[in-house]
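Heads up, run25.txt below (compact mmCIF, C-alpha atoms):
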# COMPACT_ATOMS: atom_id res chain seq x y z
CA MET A 1 0.00 0.00 0.00
CA PRO A 2 1.25 3.51 -0.72
CA ASP A 3 2.37 5.65 2.18
CA ARG A 4 -0.14 8.39 2.95
CA GLN A 5 1.03 11.69 4.37
CA LEU A 6 -0.94 14.61 5.73
CA LEU A 7 -0.45 16.70 2.59
CA ASP A 8 -1.60 13.81 0.38
CA HIS A 9 -5.20 14.40 1.48
CA VAL A 10 -5.13 17.81 -0.25
CA PRO A 11 -4.81 18.29 -4.06
CA ILE A 12 -1.56 19.86 -5.25
CA LEU A 13 -3.23 23.13 -6.28
CA GLY A 14 -4.90 23.30 -2.89
CA VAL A 15 -1.54 22.92 -1.14
CA VAL A 16 -0.02 25.58 -3.41
CA ALA A 17 -2.81 28.07 -2.70
CA GLY A 18 -2.64 27.36 1.02
CA THR A 19 1.14 27.74 1.02
CA PHE A 20 0.97 31.15 -0.65
CA LEU A 21 -1.69 32.42 1.75
CA LEU A 22 0.20 31.03 4.75
CA VAL A 23 3.52 32.71 3.98
CA LEU A 24 1.76 35.92 2.95
CA LEU A 25 -0.04 35.92 6.29
CA ALA A 26 3.28 35.37 8.09
CA VAL A 27 4.77 38.42 6.33
CA GLU A 28 1.73 40.55 7.13
CA LEU A 29 1.67 39.59 10.81
CA GLY A 30 5.41 40.22 11.06
CA PHE A 31 4.99 43.61 9.38
CA ARG A 32 2.23 44.66 11.76
CA LEU A 33 4.22 43.59 14.79
CA GLY A 34 7.24 45.49 13.50
CA ARG A 35 5.13 48.60 12.88
CA ARG A 36 3.84 48.47 16.45
CA ARG A 37 7.37 48.24 17.77
CA PHE A 38 8.41 51.13 15.51
CA ASN A 39 5.72 53.39 16.97
CA ARG A 40 7.00 52.90 20.50
CA PRO A 41 9.31 55.57 21.96
CA GLU A 42 12.11 53.05 22.43
CA HIS A 43 12.28 50.42 19.74
CA GLU A 44 15.02 48.09 18.67
CA THR A 45 17.33 49.00 15.83
CA GLU A 46 17.12 47.53 12.36
CA GLY A 47 20.70 46.26 12.16
CA PRO A 48 20.46 43.16 14.37
CA VAL A 49 17.05 42.29 12.95
CA GLY A 50 18.39 42.57 9.40
CA ALA A 51 21.16 40.11 10.28
CA MET A 52 18.59 37.69 11.65
CA VAL A 53 16.50 38.04 8.49
CA GLY A 54 19.50 37.21 6.34
CA ALA A 55 20.38 34.19 8.49
CA THR A 56 16.87 32.73 8.53
CA LEU A 57 16.32 33.29 4.80
CA GLY A 58 19.67 31.63 4.09
CA LEU A 59 18.67 28.65 6.23
CA LEU A 60 15.33 28.47 4.42
CA ALA A 61 17.05 28.51 1.01
CA LEU A 62 19.40 25.72 2.12
CA LEU A 63 16.56 23.51 3.33
CA MET A 64 14.52 24.19 0.17
CA ALA A 65 17.48 23.22 -2.00
CA PHE A 66 17.96 20.02 0.00
CA THR A 67 14.27 19.09 -0.26
CA PHE A 68 14.08 19.83 -3.98
CA SER A 69 17.23 17.77 -4.56
CA LEU A 70 15.61 14.81 -2.76
CA ALA A 71 12.48 15.02 -4.88
CA ALA A 72 14.42 15.45 -8.15
CA SER A 73 16.78 12.53 -7.45
CA ARG A 74 13.86 10.23 -6.68
CA PHE A 75 12.08 11.30 -9.84
CA ASP A 76 15.20 10.38 -11.82
CA ALA A 77 15.42 7.04 -9.98
CA ARG A 78 11.81 6.25 -10.93
CA ARG A 79 12.62 6.98 -14.56
CA MET A 80 15.67 4.69 -14.55
CA VAL A 81 13.91 1.81 -12.83
CA LEU A 82 11.10 2.01 -15.41
CA LEU A 83 13.69 1.55 -18.15
CA ASP A 84 15.29 -1.35 -16.27
CA GLU A 85 11.92 -3.00 -15.73
CA SER A 86 10.89 -2.71 -19.37
CA ASN A 87 14.23 -4.24 -20.40
CA ALA A 88 13.78 -7.09 -17.91
CA ILE A 89 10.26 -7.84 -19.13
CA GLY A 90 11.47 -7.78 -22.73
CA THR A 91 14.28 -10.21 -21.88
CA ALA A 92 11.86 -12.56 -20.10
CA TYR A 93 9.50 -12.43 -23.07
CA LEU A 94 12.30 -13.38 -25.48
CA ARG A 95 13.67 -16.11 -23.21
CA ALA A 96 10.22 -17.69 -23.10
CA ASP A 97 11.27 -19.15 -26.47
CA LEU A 98 13.63 -21.39 -24.51
CA ILE A 99 10.87 -23.23 -22.66
CA PRO A 100 8.46 -25.82 -24.07
CA GLU A 101 4.76 -25.56 -24.68
CA PRO A 102 2.25 -25.02 -23.15
CA HIS A 103 4.33 -22.87 -20.77
CA ARG A 104 5.79 -20.72 -23.57
CA THR A 105 2.44 -19.41 -24.81
CA ALA A 106 0.98 -19.06 -21.32
CA VAL A 107 3.95 -17.06 -20.02
CA ARG A 108 3.96 -14.76 -23.02
CA ASP A 109 0.24 -14.10 -22.65
CA LEU A 110 0.73 -13.28 -18.97
CA LEU A 111 3.66 -10.96 -19.73
CA ARG A 112 1.59 -9.10 -22.31
CA GLU A 113 -1.19 -8.68 -19.76
CA TYR A 114 1.42 -7.57 -17.23
CA VAL A 115 2.65 -4.79 -19.53
CA ASP A 116 -0.92 -3.73 -20.33
CA MET A 117 -1.62 -3.52 -16.62
CA ARG A 118 1.52 -1.43 -16.12
CA LEU A 119 0.46 1.06 -18.78
CA GLU A 120 -3.04 1.27 -17.35
CA ALA A 121 -1.61 1.85 -13.87
CA ALA A 122 0.34 4.86 -15.15
CA ARG A 123 -2.97 6.49 -16.11
CA SER A 124 -4.84 5.44 -12.98
CA LEU A 125 -4.70 6.74 -9.40
CA ASP A 126 -5.70 3.38 -7.89
CA ALA A 127 -2.31 2.01 -6.87
CA SER A 128 -3.81 -0.62 -4.55
CA ARG A 129 -5.57 -2.43 -7.39
CA THR A 130 -2.40 -2.36 -9.46
CA LEU A 131 -0.33 -3.89 -6.67
CA THR A 132 -2.93 -6.61 -6.09
CA ARG A 133 -3.11 -7.55 -9.76
CA SER A 134 0.68 -7.51 -10.06
CA ALA A 135 0.96 -10.02 -7.22
CA GLU A 136 -1.64 -12.23 -8.91
CA LEU A 137 0.24 -12.18 -12.22
CA HIS A 138 3.53 -12.91 -10.47
CA THR A 139 1.95 -15.98 -8.89
CA LEU A 140 0.54 -17.22 -12.20
CA ILE A 141 3.85 -16.69 -14.00
CA TRP A 142 5.83 -18.35 -11.24
CA GLU A 143 3.65 -21.46 -11.46
CA HIS A 144 4.91 -21.95 -15.01
CA VAL A 145 8.47 -21.11 -13.98
CA ALA A 146 8.37 -23.72 -11.22
CA ALA A 147 6.96 -26.33 -13.60
CA VAL A 148 9.72 -25.64 -16.14
CA GLY A 149 12.35 -25.89 -13.41
CA ARG A 150 11.01 -29.23 -12.16
CA ASP A 151 10.79 -30.67 -15.66
CA ASN A 152 14.27 -29.48 -16.68
CA PRO A 153 16.59 -29.74 -13.64
CA GLY A 154 20.11 -28.52 -14.39
CA SER A 155 19.12 -27.02 -17.75
CA ILE A 156 21.06 -23.87 -18.62
CA THR A 157 18.29 -22.50 -20.85
CA ALA A 158 15.68 -23.05 -18.15
CA GLY A 159 17.99 -21.35 -15.66
CA LEU A 160 18.27 -18.29 -17.91
CA PHE A 161 14.49 -18.08 -18.15
CA VAL A 162 14.06 -18.43 -14.39
CA GLN A 163 16.60 -15.65 -13.79
CA SER A 164 14.82 -13.28 -16.17
CA ILE A 165 11.50 -13.79 -14.35
CA ASN A 166 13.27 -13.22 -11.04
CA ASP A 167 14.53 -9.89 -12.39
CA VAL A 168 11.00 -8.86 -13.41
CA ILE A 169 9.63 -9.58 -9.92
CA ASP A 170 12.55 -7.88 -8.17
CA LEU A 171 12.24 -4.73 -10.29
CA HIS A 172 8.53 -4.58 -9.63
CA ALA A 173 9.26 -4.40 -5.90
CA LYS A 174 11.90 -1.72 -6.49
CA ARG A 175 9.58 0.35 -8.67
CA ALA A 176 6.73 0.11 -6.15
CA MET A 177 9.10 1.27 -3.42
CA LEU A 178 10.29 4.27 -5.41
CA ALA A 179 6.86 5.30 -6.65
CA LEU A 180 4.71 4.71 -3.58
CA ARG A 181 6.83 4.48 -0.46
CA ASN A 182 10.10 6.34 -1.02
CA ARG A 183 8.69 9.81 -0.39
CA ILE A 184 9.99 12.94 1.29
CA PRO A 185 9.36 12.36 5.03
CA SER A 186 6.59 14.38 6.66
CA SER A 187 9.05 15.71 9.25
CA ILE A 188 10.99 17.51 6.51
CA TRP A 189 7.81 19.17 5.24
CA TYR A 190 6.90 20.31 8.76
CA VAL A 191 10.34 21.76 9.43
CA LEU A 192 10.40 23.44 6.01
CA TYR A 193 7.05 25.14 6.56
CA GLY A 194 8.01 26.11 10.10
CA ILE A 195 11.24 27.77 9.02
CA ALA A 196 9.44 29.47 6.11
CA ILE A 197 6.86 30.99 8.45
CA MET A 198 9.54 32.18 10.87
CA SER A 199 11.92 33.58 8.23
CA LEU A 200 9.26 35.35 6.15
CA GLY A 201 7.56 36.60 9.28
CA THR A 202 10.92 38.01 10.41
CA MET A 203 11.31 39.65 7.01
CA GLY A 204 7.94 41.37 7.43
CA TYR A 205 8.88 42.37 10.97
CA HIS A 206 12.07 44.00 9.69
CA ALA A 207 10.11 45.97 7.09
CA GLY A 208 7.65 47.18 9.72
CA LEU A 209 10.44 48.08 12.11
CA ALA A 210 12.03 50.22 9.41
CA GLY A 211 8.83 52.27 9.19
CA THR A 212 8.42 51.67 5.46
CA ARG A 213 5.28 50.91 3.51
CA ARG A 214 4.34 47.40 2.47
CA SER A 215 6.57 46.48 -0.43
CA PRO A 216 5.40 44.56 -3.53
CA GLY A 217 8.68 42.68 -3.15
CA SER A 218 7.08 40.70 -0.32
CA LEU A 219 4.57 39.27 -2.80
CA ILE A 220 7.42 38.29 -5.12
CA VAL A 221 9.28 36.50 -2.32
CA CYS A 222 6.12 34.65 -1.27
CA ALA A 223 5.36 33.70 -4.87
CA ALA A 224 8.92 32.46 -5.44
CA PHE A 225 8.81 30.31 -2.31
CA THR A 226 5.42 28.91 -3.33
CA ALA A 227 6.66 28.11 -6.85
CA VAL A 228 9.62 26.09 -5.54
CA MET A 229 7.35 24.27 -3.11
CA TRP A 230 4.98 23.52 -6.01
CA LEU A 231 7.76 21.94 -8.05
CA THR A 232 9.03 19.93 -5.09
CA LEU A 233 5.59 18.67 -4.18
CA ASP A 234 4.83 17.81 -7.80
CA LEU A 235 8.00 15.75 -8.09
CA ASP A 236 7.16 13.95 -4.85
CA ARG A 237 3.75 12.81 -6.11
CA PRO A 238 4.39 10.44 -9.04
CA GLN A 239 0.68 9.75 -9.65
CA GLN A 240 -0.34 13.41 -9.85
CA GLY A 241 0.81 16.75 -11.15
CA MET A 242 2.72 17.89 -14.21
CA PHE A 243 5.85 15.76 -13.84
CA ARG A 244 5.16 12.20 -14.93
CA VAL A 245 7.71 9.56 -15.79
CA SER A 246 7.44 8.89 -19.51
CA GLN A 247 6.01 5.44 -20.25
CA GLN A 248 7.57 5.37 -23.72
CA PRO A 249 9.94 2.43 -22.96
CA MET A 250 6.97 0.35 -21.78
CA ILE A 251 4.87 1.43 -24.78
CA GLU A 252 7.61 0.43 -27.21
CA LEU A 253 8.00 -2.87 -25.37
CA ARG A 254 4.29 -3.63 -25.72
CA GLU A 255 4.42 -2.86 -29.44
CA SER A 256 7.28 -5.35 -29.83
CA MET A 257 5.39 -8.11 -28.01
CA VAL A 258 3.55 -9.21 -31.11
CA GLU A 259 1.11 -12.04 -30.51
CA PRO A 260 1.86 -15.00 -32.77
CA ALA A 261 -0.70 -15.96 -35.37
CA ARG A 262 -2.87 -18.89 -34.31
What is this file in structure tokens?
Amino acid sequence: MPDRQLLDHVPILGVVAGTFLLVLLAVELGFRLGRRRFNRPEHETEGPVGAMVGATLGLLALLMAFTFSLAASRFDARRMVLLDESNAIGTAYLRADLIPEPHRTAVRDLLREYVDMRLEAARSLDASRTLTRSAELHTLIWEHVAAVGRDNPGSITAGLFVQSINDVIDLHAKRAMLALRNRIPSSIWYVLYGIAIMSLGTMGYHAGLAGTRRSPGSLIVCAAFTAVMWLTLDLDRPQQGMFRVSQQPMIELRESMVEPAR
């Protein structure tokens, strides 16, 4: 089953809108607090506060870069494991020629269904059904693999076929882990949002303490932060958003798995 996090219960656009409003509110509250302190007879100077703003914004930028790097590297890993899996399925399909009937035809039919299910899963949001059907197909394929192994003990060709099916099953587990369970931990999201609220609130406080008007630059900073968070969140949700791993290797594999004439 896929890991569910708190943010997963909210659509990506909802999280983006909420993020922008949250950081904008932090800036506004900081600005109002700073303006109140400015109106007092004795208020603190801007210099130390400016240093704190620079430090907190630098820490925020560092954590955002770290989080984005995590999401981007995992997106790349999902793309590579898809290529590896399509190659493994193609190898198993070809090596089915090495085993006798009726196992050859049955295994090839199951592998074609397996690829069709993979392509359908890429368009569907129901990961649970995909995982259940994958396990069923693995069991059906392995029944033929076990029968071939029992009938041909010590056969090199049978051993090659068994190894290729093992690779298909192993890569399925790896792909499921990367796509559904290897996510950015919730604790990182919480810390990131916490530091963002504190740093942008401090930025607004510094502006209010300086006695200036509200600057449009605050909107730009909030929008920039929200945009980076949008990209990071999009990369971390493989079943949603703009960034999807291309299924072209699997599509080309399915086109090459031509059913023999009967």
Inset, instruction - Find the residues near A:Thr139: any atom within 12 Å, counting all atoms listed in the file, skip ones fewer than 5 places away on the same chain, and give them as a PyMOL selection string. - result: chain A and resi 107+110+114+132-134+144-146+165-166+169
Inset, instruction - Tell me which of A:Ile251, A:Ala147, A:Cys222, A:Ala17 sits closest to A:Gly90, counting all atoms listed in the file. - result: A:Ile251
Inset, instruction - Choose the residue, out of A:Val245, A:Ala158, A:Met64, A:Leu231, that has the smallest atom-to-atom separation from A:Asp97; count all atoms listed in the file. - result: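 Looking at the shortest contact to A:Asp97, the residue is A:Ala158.
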Legend entry - Atom-to-atom span, atom CA of A:Ile89 and atom CA of A:Ala71, Å: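 Rounded to one decimal, the two atoms are 27.0 Å apart.
Each of A:Val23, A:Val16, A:Val81, A:Leu59 was checked against A:Leu178 using all atoms listed in the file; the smallest atom-to-atom distance is that of A:Val81.
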Legend entry - Neighbour list for A:Gln248 as JSON, numbers by chain, cut-off 12 Å, all atoms listed in the file, skip fewer than 2 positions in-chain: {"A": [79, 82, 83, 86, 118, 119, 122, 244, 245, 246, 250, 251, 252, 253, 254, 255]}
Could the residues in this selection be saved with C-alpha atoms as a PDB file, in the frame of the given file?
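selection_25.pdb was written with the following content:
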ATOM      1  CA  ARG A  79      12.620   6.980 -14.560  1.00  0.00           C
ATOM      2  CA  LEU A  82      11.100   2.010 -15.410  1.00  0.00           C
ATOM      3  CA  LEU A  83      13.690   1.550 -18.150  1.00  0.00           C
ATOM      4  CA  SER A  86      10.890  -2.710 -19.370  1.00  0.00           C
ATOM      5  CA  ARG A 118       1.520  -1.430 -16.120  1.00  0.00           C
ATOM      6  CA  LEU A 119       0.460   1.060 -18.780  1.00  0.00           C
ATOM      7  CA  ALA A 122       0.340   4.860 -15.150  1.00  0.00           C
ATOM      8  CA  ARG A 244       5.160  12.200 -14.930  1.00  0.00           C
ATOM      9  CA  VAL A 245       7.710   9.560 -15.790  1.00  0.00           C
ATOM     10  CA  SER A 246       7.440   8.890 -19.510  1.00  0.00           C
ATOM     11  CA  MET A 250       6.970   0.350 -21.780  1.00  0.00           C
ATOM     12  CA  ILE A 251       4.870   1.430 -24.780  1.00  0.00           C
ATOM     13  CA  GLU A 252       7.610   0.430 -27.210  1.00  0.00           C
ATOM     14  CA  LEU A 253       8.000  -2.870 -25.370  1.00  0.00           C
ATOM     15  CA  ARG A 254       4.290  -3.630 -25.720  1.00  0.00           C
ATOM     16  CA  GLU A 255       4.420  -2.860 -29.440  1.00  0.00           C
TER      17      GLU A 255
END
Inset, instruction - Record the distance separating atom CA of A:Leu70 and atom CA of A:Asp234, expressed in Å with one decimal. - result: 12.3 Å
Legend entry - Atom-to-atom span, atom CA of A:Val10 and atom CA of A:Ser218, Å: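 Straight-line distance from atom CA of A:Val10 to atom CA of A:Ser218 works out to 25.9 Å.
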Inset, instruction - Choose the residue, out of A:Leu25, A:Val15, A:Leu60, A:Ala96, that has the smallest atom-to-atom separation from A:Phe161; count all atoms listed in the file. - result: A:Ala96
Inset, instruction - Can you pull out every residue within 10 Å of stretch 189-196 of chain A, counting all atoms listed in the file, but drop anything in the same chain fewer than 2 positions away, and send it as a VMD selection string? - result: chain A and resid 6 to 7 19 22 to 23 26 56 to 57 59 to 61 63 to 64 67 184 to 187 198 to 202 222 225 229 233
Legend entry - Selected residue, from A:Ala65, A:Leu98, A:Leu209, A:Leu235, that lies nearest to A:Phe31 when counting all atoms listed in the file: A:Leu209
Legend entry - Using only C-alpha atoms: which of A:Met242, A:Ala121, A:Ala72, A:Val148 has the shortest distance to A:Arg183: A:Ala72
Stretch 149-165 of chain A, all listed atoms, 4 Å padding on each side: what axis-aligned box centre and edge lengths in Å to one decimal come out, as AutoDock Vina command-line options?
--center_x 15.9 --center_y -22.0 --center_z -16.5 --size_x 18.3 --size_y 25.4 --size_z 16.7
Missing atoms in stretch 73-100 of chain A should be modelled up to N, CA and C atoms and reported as a PDB file, keeping the file's coordinate frame.
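So part_14.pdb came out as:
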ATOM      1  N   SER A  73      16.004  13.771  -7.339  1.00  0.00           N
ATOM      2  CA  SER A  73      16.780  12.530  -7.450  1.00  0.00           C
ATOM      3  C   SER A  73      15.866  11.314  -7.457  1.00  0.00           C
ATOM      4  N   ARG A  74      14.789  11.358  -6.702  1.00  0.00           N
ATOM      5  CA  ARG A  74      13.860  10.230  -6.680  1.00  0.00           C
ATOM      6  C   ARG A  74      13.040  10.154  -7.961  1.00  0.00           C
ATOM      7  N   PHE A  75      12.751  11.299  -8.538  1.00  0.00           N
ATOM      8  CA  PHE A  75      12.080  11.300  -9.840  1.00  0.00           C
ATOM      9  C   PHE A  75      12.975  10.646 -10.887  1.00  0.00           C
ATOM     10  N   ASP A  76      14.259  10.985 -10.875  1.00  0.00           N
ATOM     11  CA  ASP A  76      15.200  10.380 -11.820  1.00  0.00           C
ATOM     12  C   ASP A  76      15.336   8.885 -11.574  1.00  0.00           C
ATOM     13  N   ALA A  77      15.318   8.470 -10.300  1.00  0.00           N
ATOM     14  CA  ALA A  77      15.420   7.040  -9.980  1.00  0.00           C
ATOM     15  C   ALA A  77      14.200   6.285 -10.504  1.00  0.00           C
ATOM     16  N   ARG A  78      13.014   6.893 -10.401  1.00  0.00           N
ATOM     17  CA  ARG A  78      11.810   6.250 -10.930  1.00  0.00           C
ATOM     18  C   ARG A  78      11.904   6.087 -12.443  1.00  0.00           C
ATOM     19  N   ARG A  79      12.480   7.064 -13.106  1.00  0.00           N
ATOM     20  CA  ARG A  79      12.620   6.980 -14.560  1.00  0.00           C
ATOM     21  C   ARG A  79      13.588   5.864 -14.960  1.00  0.00           C
ATOM     22  N   MET A  80      14.686   5.724 -14.224  1.00  0.00           N
ATOM     23  CA  MET A  80      15.670   4.690 -14.550  1.00  0.00           C
ATOM     24  C   MET A  80      15.139   3.288 -14.260  1.00  0.00           C
ATOM     25  N   VAL A  81      14.400   3.140 -13.153  1.00  0.00           N
ATOM     26  CA  VAL A  81      13.910   1.810 -12.830  1.00  0.00           C
ATOM     27  C   VAL A  81      12.810   1.384 -13.797  1.00  0.00           C
ATOM     28  N   LEU A  82      12.073   2.348 -14.372  1.00  0.00           N
ATOM     29  CA  LEU A  82      11.100   2.010 -15.410  1.00  0.00           C
ATOM     30  C   LEU A  82      11.810   1.442 -16.633  1.00  0.00           C
ATOM     31  N   LEU A  83      12.919   2.064 -17.017  1.00  0.00           N
ATOM     32  CA  LEU A  83      13.690   1.550 -18.150  1.00  0.00           C
ATOM     33  C   LEU A  83      14.234   0.164 -17.854  1.00  0.00           C
ATOM     34  N   ASP A  84      14.757  -0.036 -16.645  1.00  0.00           N
ATOM     35  CA  ASP A  84      15.290  -1.350 -16.270  1.00  0.00           C
ATOM     36  C   ASP A  84      14.182  -2.406 -16.272  1.00  0.00           C
ATOM     37  N   GLU A  85      13.007  -2.028 -15.787  1.00  0.00           N
ATOM     38  CA  GLU A  85      11.920  -3.000 -15.730  1.00  0.00           C
ATOM     39  C   GLU A  85      11.436  -3.373 -17.131  1.00  0.00           C
ATOM     40  N   SER A  86      11.327  -2.399 -18.004  1.00  0.00           N
ATOM     41  CA  SER A  86      10.890  -2.710 -19.370  1.00  0.00           C
ATOM     42  C   SER A  86      11.908  -3.613 -20.065  1.00  0.00           C
ATOM     43  N   ASN A  87      13.201  -3.370 -19.822  1.00  0.00           N
ATOM     44  CA  ASN A  87      14.230  -4.240 -20.400  1.00  0.00           C
ATOM     45  C   ASN A  87      14.135  -5.656 -19.836  1.00  0.00           C
ATOM     46  N   ALA A  88      13.873  -5.770 -18.536  1.00  0.00           N
ATOM     47  CA  ALA A  88      13.780  -7.090 -17.910  1.00  0.00           C
ATOM     48  C   ALA A  88      12.573  -7.860 -18.430  1.00  0.00           C
ATOM     49  N   ILE A  89      11.444  -7.163 -18.595  1.00  0.00           N
ATOM     50  CA  ILE A  89      10.260  -7.840 -19.130  1.00  0.00           C
ATOM     51  C   ILE A  89      10.504  -8.280 -20.575  1.00  0.00           C
ATOM     52  N   GLY A  90      11.158  -7.407 -21.358  1.00  0.00           N
ATOM     53  CA  GLY A  90      11.470  -7.780 -22.730  1.00  0.00           C
ATOM     54  C   GLY A  90      12.389  -8.988 -22.802  1.00  0.00           C
ATOM     55  N   THR A  91      13.373  -9.051 -21.919  1.00  0.00           N
ATOM     56  CA  THR A  91      14.280 -10.210 -21.880  1.00  0.00           C
ATOM     57  C   THR A  91      13.524 -11.481 -21.509  1.00  0.00           C
ATOM     58  N   ALA A  92      12.649 -11.389 -20.511  1.00  0.00           N
ATOM     59  CA  ALA A  92      11.860 -12.560 -20.100  1.00  0.00           C
ATOM     60  C   ALA A  92      10.949 -13.020 -21.233  1.00  0.00           C
ATOM     61  N   TYR A  93      10.384 -12.077 -21.962  1.00  0.00           N
ATOM     62  CA  TYR A  93       9.500 -12.430 -23.070  1.00  0.00           C
ATOM     63  C   TYR A  93      10.280 -13.177 -24.167  1.00  0.00           C
ATOM     64  N   LEU A  94      11.487 -12.707 -24.469  1.00  0.00           N
ATOM     65  CA  LEU A  94      12.300 -13.380 -25.480  1.00  0.00           C
ATOM     66  C   LEU A  94      12.776 -14.753 -25.010  1.00  0.00           C
ATOM     67  N   ARG A  95      13.163 -14.839 -23.735  1.00  0.00           N
ATOM     68  CA  ARG A  95      13.670 -16.110 -23.210  1.00  0.00           C
ATOM     69  C   ARG A  95      12.557 -17.141 -23.029  1.00  0.00           C
ATOM     70  N   ALA A  96      11.307 -16.707 -23.127  1.00  0.00           N
ATOM     71  CA  ALA A  96      10.220 -17.690 -23.100  1.00  0.00           C
ATOM     72  C   ALA A  96      10.316 -18.647 -24.278  1.00  0.00           C
ATOM     73  N   ASP A  97      11.040 -18.243 -25.334  1.00  0.00           N
ATOM     74  CA  ASP A  97      11.270 -19.150 -26.470  1.00  0.00           C
ATOM     75  C   ASP A  97      12.059 -20.383 -26.068  1.00  0.00           C
ATOM     76  N   LEU A  98      12.776 -20.302 -24.954  1.00  0.00           N
ATOM     77  CA  LEU A  98      13.630 -21.390 -24.510  1.00  0.00           C
ATOM     78  C   LEU A  98      12.876 -22.488 -23.777  1.00  0.00           C
ATOM     79  N   ILE A  99      11.626 -22.244 -23.434  1.00  0.00           N
ATOM     80  CA  ILE A  99      10.870 -23.230 -22.660  1.00  0.00           C
ATOM     81  C   ILE A  99       9.826 -23.886 -23.553  1.00  0.00           C
ATOM     82  N   PRO A 100       9.401 -25.092 -23.208  1.00  0.00           N
ATOM     83  CA  PRO A 100       8.460 -25.820 -24.070  1.00  0.00           C
ATOM     84  C   PRO A 100       7.025 -25.352 -23.880  1.00  0.00           C
TER      85      PRO A 100
END
